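File shown: target-v5.txt. Contents: compact mmCIF, C-alpha atoms and all ligand atoms.
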```
# COMPACT_ATOMS: atom_id res chain seq x y z
CA MET A 1 30.34 -8.24 10.09
CA SER A 2 28.22 -8.40 6.92
CA ILE A 3 26.11 -11.48 6.15
CA LEU A 4 28.41 -12.31 3.26
CA GLN A 5 31.43 -12.30 5.56
CA GLN A 6 29.52 -14.44 8.06
CA LEU A 7 28.78 -16.93 5.30
CA GLU A 8 32.46 -17.10 4.32
CA GLU A 9 33.44 -17.67 7.94
CA LEU A 10 30.81 -20.37 8.23
CA ARG A 11 32.17 -22.11 5.12
CA ALA A 12 35.74 -22.00 6.43
CA LYS A 13 34.74 -23.36 9.84
CA ALA A 14 32.55 -26.12 8.37
CA LEU A 15 35.29 -27.31 5.98
CA LYS A 16 37.88 -27.26 8.76
CA ASP A 17 35.59 -29.31 11.04
CA LEU A 18 34.89 -31.71 8.18
CA ALA A 19 38.59 -32.37 7.59
CA SER A 20 39.06 -33.48 11.20
CA ILE A 21 36.13 -35.94 11.26
CA ASP A 22 37.07 -39.65 11.17
CA ASP A 23 33.88 -41.60 11.73
CA VAL A 24 30.47 -41.80 10.11
CA LYS A 25 28.50 -40.91 13.26
CA GLU A 26 30.42 -37.65 13.73
CA LEU A 27 29.86 -36.87 10.08
CA GLU A 28 26.09 -37.04 10.64
CA PHE A 29 26.37 -34.53 13.50
CA TRP A 30 28.36 -32.28 11.16
CA ARG A 31 25.67 -32.55 8.50
CA VAL A 32 22.91 -31.62 10.98
CA ARG A 33 24.97 -28.73 12.35
CA TYR A 34 25.90 -27.15 9.03
CA LEU A 35 23.24 -28.29 6.56
CA GLY A 36 20.29 -29.38 8.77
CA LYS A 37 16.93 -27.57 9.14
CA LYS A 38 18.11 -25.63 12.18
CA SER A 39 21.57 -24.79 10.81
CA GLN A 40 22.78 -21.21 10.45
CA LEU A 41 22.85 -21.62 6.69
CA THR A 42 19.19 -22.67 6.50
CA LYS A 43 18.29 -19.73 8.73
CA VAL A 44 20.05 -17.33 6.35
CA LEU A 45 18.22 -18.83 3.41
CA HIS A 46 14.86 -18.53 5.21
CA SER A 47 15.49 -14.91 6.15
CA LEU A 48 16.29 -13.80 2.61
CA ALA A 49 12.77 -12.43 2.14
CA LYS A 50 13.32 -9.96 4.92
CA LEU A 51 16.47 -8.48 3.34
CA PRO A 52 16.39 -5.39 1.15
CA ILE A 53 16.17 -6.38 -2.51
CA ALA A 54 19.67 -5.14 -3.36
CA GLU A 55 21.24 -7.36 -0.70
CA ARG A 56 18.89 -10.33 -1.22
CA LYS A 57 20.34 -11.39 -4.55
CA ALA A 58 23.98 -11.43 -3.47
CA VAL A 59 23.29 -13.12 -0.12
CA GLY A 60 21.00 -15.70 -1.73
CA ALA A 61 23.58 -16.60 -4.38
CA SER A 62 26.36 -16.82 -1.80
CA ALA A 63 24.31 -18.89 0.67
CA ASN A 64 23.31 -21.34 -2.08
CA GLU A 65 26.90 -21.61 -3.24
CA VAL A 66 28.12 -22.33 0.31
CA LYS A 67 25.36 -24.92 0.71
CA ALA A 68 26.34 -26.66 -2.55
CA ASN A 69 30.02 -26.49 -1.60
CA LEU A 70 29.41 -28.11 1.80
CA GLY A 71 27.09 -30.73 0.32
CA ASN A 72 29.67 -31.67 -2.34
CA SER A 73 32.42 -31.91 0.27
CA LEU A 74 30.26 -34.20 2.39
CA LYS A 75 29.71 -36.87 -0.28
CA PRO A 76 33.33 -38.01 -0.94
CA LYS A 77 34.10 -37.80 2.78
CA GLU A 78 31.13 -40.04 3.57
CA GLN A 79 32.15 -42.59 0.95
CA ALA A 80 35.74 -42.68 2.17
CA LEU A 81 34.64 -43.15 5.79
CA ARG A 82 32.19 -45.93 4.91
CA GLU A 83 34.83 -47.83 2.91
CA ALA A 84 37.32 -47.49 5.76
CA GLU A 85 34.70 -48.77 8.20
CA LEU A 86 33.88 -51.79 5.98
CA LYS A 87 37.55 -52.63 5.62
CA ALA A 88 38.10 -52.39 9.37
CA SER A 89 35.12 -54.64 10.14
CA THR A 90 36.02 -57.29 7.53
CA ARG A 91 39.61 -57.28 8.80
CA LYS A 92 38.26 -57.94 12.27
CA GLU A 93 36.23 -60.91 10.95
CA GLY A 94 39.17 -62.15 8.91
CA ILE A 95 37.52 -61.63 5.50
CA ASP A 96 39.64 -60.36 2.65
CA ILE A 97 37.19 -58.73 0.27
CA SER A 98 39.89 -58.20 -2.32
CA LEU A 99 40.25 -61.98 -2.88
CA PRO A 100 38.66 -63.27 -6.10
CA GLY A 101 35.43 -65.26 -5.54
CA ARG A 102 35.43 -69.05 -5.44
CA PRO A 103 34.36 -70.48 -8.80
CA LEU A 104 31.00 -72.28 -8.74
CA PRO A 105 31.35 -75.90 -9.78
CA VAL A 106 29.75 -76.35 -13.22
CA GLY A 107 28.55 -79.84 -14.10
CA HIS A 108 28.21 -81.45 -17.51
CA PHE A 109 26.04 -84.05 -19.14
CA HIS A 110 26.59 -87.72 -18.32
CA PRO A 111 28.70 -89.39 -21.07
CA ILE A 112 25.70 -91.47 -22.18
CA THR A 113 23.56 -88.34 -22.60
CA GLN A 114 26.38 -86.68 -24.55
CA VAL A 115 26.67 -89.68 -26.87
CA LEU A 116 22.90 -89.89 -27.33
CA TYR A 117 22.78 -86.23 -28.39
CA GLU A 118 25.69 -86.77 -30.77
CA ILE A 119 24.03 -89.82 -32.37
CA ASP A 120 20.69 -87.97 -32.61
CA ASP A 121 22.50 -85.18 -34.47
CA ILE A 122 24.04 -87.60 -36.97
CA PHE A 123 20.64 -89.12 -37.80
CA VAL A 124 18.88 -85.74 -37.84
CA SER A 125 21.40 -84.60 -40.45
CA MET A 126 20.33 -87.64 -42.53
CA GLY A 127 16.67 -86.57 -42.36
CA PHE A 128 15.47 -88.55 -39.33
CA GLU A 129 13.17 -87.03 -36.71
CA VAL A 130 13.73 -87.67 -32.96
CA VAL A 131 10.73 -88.98 -30.99
CA GLU A 132 10.43 -90.47 -27.51
CA GLY A 133 8.08 -93.03 -25.96
CA PRO A 134 6.99 -94.54 -22.63
CA GLU A 135 9.30 -96.73 -20.53
CA VAL A 136 6.32 -98.57 -19.00
CA GLU A 137 4.79 -100.34 -21.98
CA TRP A 138 1.98 -102.72 -22.90
CA ASP A 139 2.82 -106.31 -23.77
CA TYR A 140 0.99 -105.56 -27.03
CA TYR A 141 3.53 -102.95 -28.24
CA ASN A 142 6.64 -104.57 -26.75
CA PHE A 143 5.92 -108.09 -28.10
CA GLU A 144 2.54 -108.87 -29.65
CA ALA A 145 2.45 -106.23 -32.40
CA LEU A 146 6.12 -106.96 -33.17
CA ASN A 147 5.27 -110.47 -34.22
CA ILE A 148 6.23 -112.01 -30.86
CA PRO A 149 3.03 -113.67 -29.58
CA LYS A 150 2.73 -115.24 -26.12
CA GLU A 151 4.76 -118.44 -25.76
CA HIS A 152 7.03 -117.37 -28.67
CA PRO A 153 10.61 -118.40 -27.83
CA ALA A 154 11.89 -114.93 -28.86
CA ARG A 155 10.41 -113.64 -25.59
CA ASP A 156 13.09 -115.60 -23.75
CA THR A 157 15.86 -113.54 -25.37
CA MET A 158 14.62 -110.46 -23.53
CA ALA A 159 14.14 -111.39 -19.86
CA THR A 160 11.32 -109.07 -18.88
CA LEU A 161 10.52 -107.04 -15.78
CA TRP A 162 6.72 -107.20 -15.49
CA ILE A 163 4.63 -104.58 -13.73
CA ASP A 164 2.71 -106.04 -10.81
CA TYR A 165 -0.73 -105.48 -12.30
CA LYS A 166 -3.19 -108.19 -13.35
CA THR A 167 -6.29 -108.01 -15.52
CA GLU A 168 -9.51 -109.84 -14.53
CA ASN A 169 -8.41 -112.96 -16.42
CA GLY A 170 -5.03 -113.02 -14.65
CA ASP A 171 -2.86 -111.59 -17.48
CA ARG A 172 -0.02 -109.18 -16.73
CA PRO A 173 -0.16 -106.87 -19.78
CA MET A 174 2.26 -104.18 -18.53
CA LEU A 175 6.04 -104.26 -18.44
CA LEU A 176 9.20 -102.17 -18.48
CA ARG A 177 10.03 -102.01 -22.18
CA THR A 178 12.82 -104.41 -23.07
CA HIS A 179 13.73 -102.47 -26.22
CA THR A 180 12.78 -99.27 -28.04
CA SER A 181 11.12 -101.21 -30.90
CA PRO A 182 7.55 -100.76 -29.49
CA MET A 183 7.82 -97.17 -30.72
CA GLN A 184 7.91 -98.50 -34.29
CA ILE A 185 4.29 -99.58 -33.83
CA ARG A 186 3.20 -96.50 -31.88
CA VAL A 187 4.56 -94.20 -34.60
CA MET A 188 3.27 -96.24 -37.56
CA GLU A 189 -0.22 -96.33 -35.99
CA LYS A 190 -0.34 -92.54 -36.24
CA VAL A 191 1.96 -91.48 -39.10
CA ARG A 192 1.61 -92.61 -42.70
CA PRO A 193 4.77 -93.18 -44.78
CA PRO A 194 7.12 -91.74 -45.85
CA LEU A 195 8.58 -91.63 -42.35
CA ARG A 196 12.05 -91.59 -40.83
CA ILE A 197 12.44 -91.56 -37.06
CA VAL A 198 14.96 -92.32 -34.33
CA VAL A 199 13.86 -93.10 -30.76
CA PRO A 200 16.41 -92.75 -27.97
CA GLY A 201 15.54 -93.99 -24.47
CA LYS A 202 15.99 -96.30 -21.49
CA VAL A 203 15.18 -100.00 -21.67
CA TYR A 204 15.15 -102.70 -18.96
CA ARG A 205 16.03 -106.38 -18.81
CA TYR A 206 16.11 -108.85 -15.95
CA GLU A 207 19.70 -109.84 -16.64
CA ALA A 208 22.89 -110.63 -14.77
CA THR A 209 25.53 -107.92 -15.12
CA ASP A 210 28.96 -108.37 -16.67
CA ALA A 211 31.43 -106.20 -18.60
CA THR A 212 28.96 -105.69 -21.48
CA HIS A 213 25.53 -106.27 -19.87
CA ILE A 214 23.50 -104.27 -17.35
CA PRO A 215 19.79 -104.44 -16.44
CA MET A 216 19.03 -100.82 -17.40
CA PHE A 217 20.63 -99.47 -20.54
CA HIS A 218 19.84 -97.16 -23.45
CA GLN A 219 18.87 -97.94 -26.99
CA LEU A 220 18.28 -95.89 -30.08
CA GLU A 221 15.68 -97.24 -32.45
CA GLY A 222 15.67 -96.25 -36.10
CA LEU A 223 12.81 -96.70 -38.57
CA ALA A 224 12.41 -95.64 -42.19
CA VAL A 225 9.34 -96.58 -44.25
CA ASP A 226 8.72 -95.49 -47.82
CA LYS A 227 8.18 -96.84 -51.31
CA GLY A 228 11.20 -98.73 -52.60
CA ILE A 229 13.33 -98.92 -49.43
CA THR A 230 15.83 -101.78 -49.64
CA MET A 231 18.54 -103.47 -47.61
CA ALA A 232 21.03 -101.21 -49.43
CA ASP A 233 19.42 -98.19 -47.74
CA LEU A 234 19.78 -99.89 -44.35
CA LYS A 235 23.44 -100.72 -44.91
CA GLY A 236 24.23 -97.33 -46.40
CA THR A 237 22.63 -95.51 -43.45
CA LEU A 238 24.39 -97.60 -40.81
CA TYR A 239 27.78 -97.47 -42.57
CA GLU A 240 27.47 -93.70 -42.80
CA PHE A 241 26.66 -93.53 -39.08
CA ALA A 242 29.66 -95.75 -38.21
CA ARG A 243 32.02 -93.70 -40.39
CA ARG A 244 30.90 -90.44 -38.84
CA PHE A 245 30.96 -91.68 -35.26
CA PHE A 246 33.99 -93.99 -35.22
CA GLY A 247 36.03 -92.60 -38.13
CA GLN A 248 36.80 -93.89 -41.63
CA ASP A 249 39.15 -96.71 -40.67
CA ARG A 250 37.08 -98.60 -38.12
CA ARG A 251 35.99 -102.00 -39.44
CA VAL A 252 32.26 -102.85 -39.43
CA ARG A 253 30.72 -106.32 -39.72
CA PHE A 254 27.23 -107.35 -40.80
CA ARG A 255 25.94 -110.84 -40.08
CA CYS A 256 22.59 -112.59 -40.31
CA ASP A 257 20.50 -112.49 -37.18
CA TYR A 258 16.92 -113.26 -36.25
CA PHE A 259 14.32 -110.87 -34.88
CA PRO A 260 10.64 -111.79 -35.44
CA PHE A 261 9.72 -108.25 -36.52
CA VAL A 262 12.21 -108.03 -39.42
CA GLU A 263 12.89 -110.17 -42.46
CA PRO A 264 15.72 -110.54 -43.24
CA GLY A 265 17.43 -109.66 -39.95
CA VAL A 266 21.06 -108.68 -39.34
CA GLU A 267 23.37 -107.65 -36.55
CA MET A 268 26.09 -105.08 -36.89
CA ALA A 269 29.35 -105.29 -34.94
CA ILE A 270 32.27 -102.88 -34.69
CA GLU A 271 35.90 -103.88 -34.34
CA CYS A 272 36.83 -103.96 -30.61
CA ALA A 273 38.56 -100.75 -29.54
CA VAL A 274 40.49 -102.36 -26.70
CA CYS A 275 42.21 -105.19 -28.62
CA LYS A 276 41.84 -103.78 -32.19
CA GLY A 277 40.31 -107.07 -33.34
CA GLU A 278 42.87 -109.34 -31.66
CA GLY A 279 40.41 -110.69 -29.06
CA CYS A 280 40.19 -109.71 -25.38
CA ARG A 281 37.99 -109.98 -22.28
CA LEU A 282 35.71 -107.14 -23.42
CA CYS A 283 34.85 -108.65 -26.81
CA GLY A 284 34.79 -112.23 -25.53
CA SER A 285 37.94 -113.01 -27.58
CA SER A 286 36.09 -112.43 -30.86
CA GLY A 287 37.60 -109.04 -31.79
CA TRP A 288 34.09 -107.65 -32.47
CA ILE A 289 31.39 -106.04 -30.34
CA GLU A 290 27.80 -106.23 -31.46
CA ILE A 291 26.13 -102.83 -31.25
CA LEU A 292 22.81 -103.28 -32.97
CA GLY A 293 20.16 -105.51 -34.42
CA ALA A 294 18.46 -104.48 -37.65
CA GLY A 295 16.57 -105.65 -40.69
CA MET A 296 13.76 -104.99 -43.16
CA VAL A 297 10.43 -104.37 -41.41
CA HIS A 298 8.42 -107.63 -41.51
CA PRO A 299 5.38 -107.42 -43.87
CA ARG A 300 3.15 -108.69 -41.05
CA VAL A 301 4.21 -105.75 -38.84
CA LEU A 302 3.31 -103.33 -41.64
CA GLU A 303 -0.06 -105.05 -42.18
CA ARG A 304 -0.92 -104.73 -38.50
CA VAL A 305 -0.67 -100.94 -38.73
CA ASN A 306 -2.54 -100.85 -42.07
CA ILE A 307 0.45 -100.07 -44.25
CA ASP A 308 0.34 -102.10 -47.46
CA PRO A 309 3.57 -104.19 -47.70
CA GLU A 310 3.01 -104.53 -51.43
CA VAL A 311 3.43 -100.76 -51.79
CA TYR A 312 5.72 -99.83 -48.92
CA SER A 313 8.84 -101.31 -47.37
CA GLY A 314 11.09 -100.18 -44.55
CA PHE A 315 14.16 -100.83 -42.48
CA ALA A 316 14.59 -100.71 -38.72
CA PHE A 317 17.51 -100.94 -36.31
CA GLY A 318 17.98 -100.94 -32.54
CA MET A 319 21.33 -99.79 -31.23
CA GLY A 320 22.70 -100.37 -27.71
CA ILE A 321 24.03 -96.95 -26.68
CA GLU A 322 26.40 -97.83 -23.81
CA ARG A 323 28.55 -100.01 -26.03
CA ILE A 324 29.13 -97.14 -28.46
CA PRO A 325 31.30 -94.91 -26.20
CA MET A 326 32.96 -98.11 -24.93
CA LEU A 327 34.09 -98.79 -28.47
CA ARG A 328 35.11 -95.22 -29.14
CA TYR A 329 37.12 -94.67 -25.97
CA GLY A 330 38.22 -98.23 -25.22
CA ILE A 331 36.22 -98.48 -21.95
CA ASN A 332 36.48 -102.05 -20.75
CA ASP A 333 33.49 -102.32 -18.39
CA ILE A 334 29.94 -101.05 -19.04
CA ARG A 335 29.25 -100.82 -15.27
CA LEU A 336 31.61 -97.84 -14.99
CA PHE A 337 28.89 -95.62 -16.51
CA TYR A 338 26.56 -96.16 -13.56
CA SER A 339 28.99 -96.51 -10.65
CA SER A 340 28.83 -92.73 -9.92
CA ASP A 341 32.63 -92.60 -9.77
CA LEU A 342 33.51 -88.97 -10.50
CA ARG A 343 37.09 -89.88 -11.42
CA PHE A 344 35.58 -91.76 -14.38
CA LEU A 345 32.74 -89.36 -15.23
CA ARG A 346 34.90 -86.20 -15.15
CA GLN A 347 36.92 -87.49 -18.10
CA PHE A 348 34.09 -86.76 -20.56
C1 LIG H 401 16.86 -105.59 -29.79
O1 LIG H 401 16.62 -105.04 -28.69
C2 LIG H 401 16.02 -105.27 -30.99
N1 LIG H 401 14.92 -104.47 -30.63
C3 LIG H 401 16.89 -104.59 -32.03
C4 LIG H 401 16.24 -104.44 -33.36
C5 LIG H 401 15.53 -103.28 -33.67
C6 LIG H 401 16.32 -105.45 -34.31
C7 LIG H 401 14.95 -103.12 -34.90
C8 LIG H 401 15.73 -105.30 -35.54
C9 LIG H 401 15.06 -104.14 -35.84
P1 LIG H 401 18.97 -106.86 -28.98
O2 LIG H 401 18.32 -107.59 -27.84
O3 LIG H 401 20.02 -107.57 -29.72
O4 LIG H 401 17.90 -106.37 -30.04
O5 LIG H 401 19.59 -105.49 -28.38
C10 LIG H 401 20.10 -104.49 -29.23
C11 LIG H 401 21.41 -103.95 -28.67
O6 LIG H 401 21.24 -103.55 -27.32
C12 LIG H 401 22.53 -104.98 -28.62
O7 LIG H 401 23.19 -105.05 -29.85
C13 LIG H 401 23.43 -104.44 -27.55
O8 LIG H 401 24.26 -103.43 -28.08
C14 LIG H 401 22.44 -103.77 -26.61
N2 LIG H 401 22.17 -104.60 -25.42
C15 LIG H 401 21.39 -105.69 -25.33
N3 LIG H 401 21.35 -106.15 -24.07
C16 LIG H 401 22.13 -105.33 -23.33
C17 LIG H 401 22.49 -105.25 -21.94
N4 LIG H 401 22.00 -106.10 -21.04
N5 LIG H 401 23.31 -104.26 -21.54
C18 LIG H 401 23.77 -103.36 -22.43
N6 LIG H 401 23.47 -103.35 -23.75
C19 LIG H 401 22.66 -104.33 -24.19
```

Can you dump the structure from the file as structure tokens?
Amino acid sequence: MSILQQLEELRAKALKDLASIDDVKELEFWRVRYLGKKSQLTKVLHSLAKLPIAERKAVGASANEVKANLGNSLKPKEQALREAELKASTRKEGIDISLPGRPLPVGHFHPITQVLYEIDDIFVSMGFEVVEGPEVEWDYYNFEALNIPKEHPARDTMATLWIDYKTENGDRPMLLRTHTSPMQIRVMEKVRPPLRIVVPGKVYRYEATDATHIPMFHQLEGLAVDKGITMADLKGTLYEFARRFFGQDRRVRFRCDYFPFVEPGVEMAIECAVCKGEGCRLCGSSGWIEILGAGMVHPRVLERVNIDPEVYSGFAFGMGIERIPMLRYGINDIRLFYSSDLRFLRQF
């Protein structure tokens, strides 16, 4: 039998054997037998040099073709056997790999964070810049520089959590900020007018909780200082905010109020969302919920940071954030935001 015939016979035998193989281990034996270093095919290829030139070409081409043919037949067979093996083993373990994966739970921002971002965006679109400040603050920035000296009765309106740290003369100068207004001073110390900023952040008060009060809540401070700023700018800005956030029809009320760091001072209230102004438990039967204090920056505050009140004027406001989504969605208890009840939080 010629070498070419032997090669054809080898091919036929190898392919027949391959067809009857049904596990991966056997397949490896097959590969070693027909394509390995000691296989007949490799021997033929190694002995080519010894053949007469006329025969060498034909035998070489045929041997290489058989080798490629066997190699190509091996690949799909191996893949099919491996898949069958995987299926068999997962079936044994009770895993169905054809099932779609379980979706990963994706969280979302807390409703207060969402509202803060939304309010930031409204003010940014009106030309305000967002800045943040420390939650542990000096008495100086929280009270003193805001025209609230020691023993001033206005301190009583913001029951304070003091940090347990005393100076040599027994003063406790550090506290958890009771409002975001200290950032007015911090910013004006560094930046010269014209300036327009909003300051979102956490504030703390030593207060009993009820449907509209909690000891840790968020505020957003606003401050604009420039030449010729008037109360009309303050009202215009806050009306525009209320219209954009609550819609055109929601009623807004301004009333006089007192804060030592503004003159004159006002408070702004929004019509209660729960009772639509009729009066209910949430709004204390008044039909209105106060959301912010505001006013024209007091000349003495400007003087303290070396801004001439004869040349410049400004307005400031401090908004309680939690009450804003309460008014928008008709939420009747502020404590729901921090009770970690997912049935409540998932609604936002
Ligand atoms: C202030 O904190 C002033 N800094 C506001 C201000 C800034 C006035 C700039 C003038 C110029 P007040 O204590 O009223 O003011 O608080 C502001 C808002 O915070 C309130 O209108 C209310 O919406 C919210 N707030 C106050 N106390 C609580 C509380 N315990 N729980 C939840 N929200 C509160």

ask   = What do you get as a PyMOL selection string if you pick all residues at most 6 Å from ligand LIG 401 (chain H), counting all atoms listed in the file?
value = chain A and resi 179+181+212-215+217+259+262+290-295+316-320+323

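By chain and then residue number, the residues within 12 Å of segment 303-309 of chain A are Tyr140, Tyr141, Glu144, Ala145, Leu146, Asn147, Gln184, Ile185, Arg186, Val187, Met188, Glu189, Lys190, Val191, Arg192, Pro193, Pro194, Leu195, Val225, Asp226, Lys227, Gly228, Ile229, Phe261, Met296, Val297, His298 and Gly314 of chain A, counting all atoms listed in the file and disregarding those fewer than 5 positions away in sequence.
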
Minimum-distance residue to Ala63 of chain A, chosen among A:Leu238, A:Ala224, A:Leu45, A:Leu18 (using all atoms listed in the file) =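 Ranked by minimum distance to Ala63 of chain A, first place goes to A:Leu45.
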
ask   = Do you have the atom CA of Arg31 of chain A-atom CA of Gly71 of chain A distance handy?
value = 8.5 Å

Let me have the centre and edge lengths in Å, one decimal, of the box along x, y and z around every listed atom of segment 177-192 of chain A with 8 Å of margin on each side, as lines of an AutoDock Vina configuration file.
```
center_x = 6.7
center_y = -97.9
center_z = -32.4
size_x = 30.1
size_y = 28.9
size_z = 36.5
```

task = Using only C-alpha atoms, determine which residues lie at most 7 Å from Ile321 of chain A, disregarding the query and same-chain residues fewer than 5 positions distant; provide the list as a ChimeraX atom specification.
result = /A:218-220

query = How far is it from atom CA of Leu86 of chain A to atom CA of Gly101 of chain A, in Å with one decimal?
reply = 17.8 Å

inquiry  = Ranking A:Pro149, A:Pro182, A:Val130, A:Arg300 by minimum distance to Arg196 of chain A and counting all atoms listed in the file, which one comes first?
reply    =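 For Arg196 of chain A, the nearest of the candidates is A:Val130.
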
ask   = Which polymer residues have any atom within 7 Å of an atom of Val199 of chain A, counting all atoms listed in the file, with same-chain residues fewer than 3 positions away left out, as a VMD selection string?
value = chain A and resid 130 to 132 180 220 to 222

Output C-alpha atoms for every residue in the selection just made, as a PDB file, in the frame of the given file.
```pdb
ATOM      1  CA  VAL A 130      13.730 -87.670 -32.960  1.00  0.00           C
ATOM      2  CA  VAL A 131      10.730 -88.980 -30.990  1.00  0.00           C
ATOM      3  CA  GLU A 132      10.430 -90.470 -27.510  1.00  0.00           C
ATOM      4  CA  THR A 180      12.780 -99.270 -28.040  1.00  0.00           C
ATOM      5  CA  LEU A 220      18.280 -95.890 -30.080  1.00  0.00           C
ATOM      6  CA  GLU A 221      15.680 -97.240 -32.450  1.00  0.00           C
ATOM      7  CA  GLY A 222      15.670 -96.250 -36.100  1.00  0.00           C
TER       8      GLY A 222
END
```

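For the pair atom CA of Lys92 of chain A and atom CA of Leu27 of chain A, the interatomic distance is 22.8 Å.
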
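Residues in contact with segment 331-344 of chain A at 9 Å, where all atoms listed in the file are counted and same-chain residues fewer than 5 positions away are skipped, are listed as His110, Pro111, Ile112, Thr209, Asp210, Ala211, Thr212, His213, Ile214, Ala273, Val274, Arg281, Leu282, Glu322, Arg323, Pro325 and Met326 of chain A.
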
All residues 6 Å or closer to Arg177 of chain A, all atoms listed in the file, same chain fewer than 3 positions away omitted, as a PyMOL selection string = chain A and resi 135-137+203
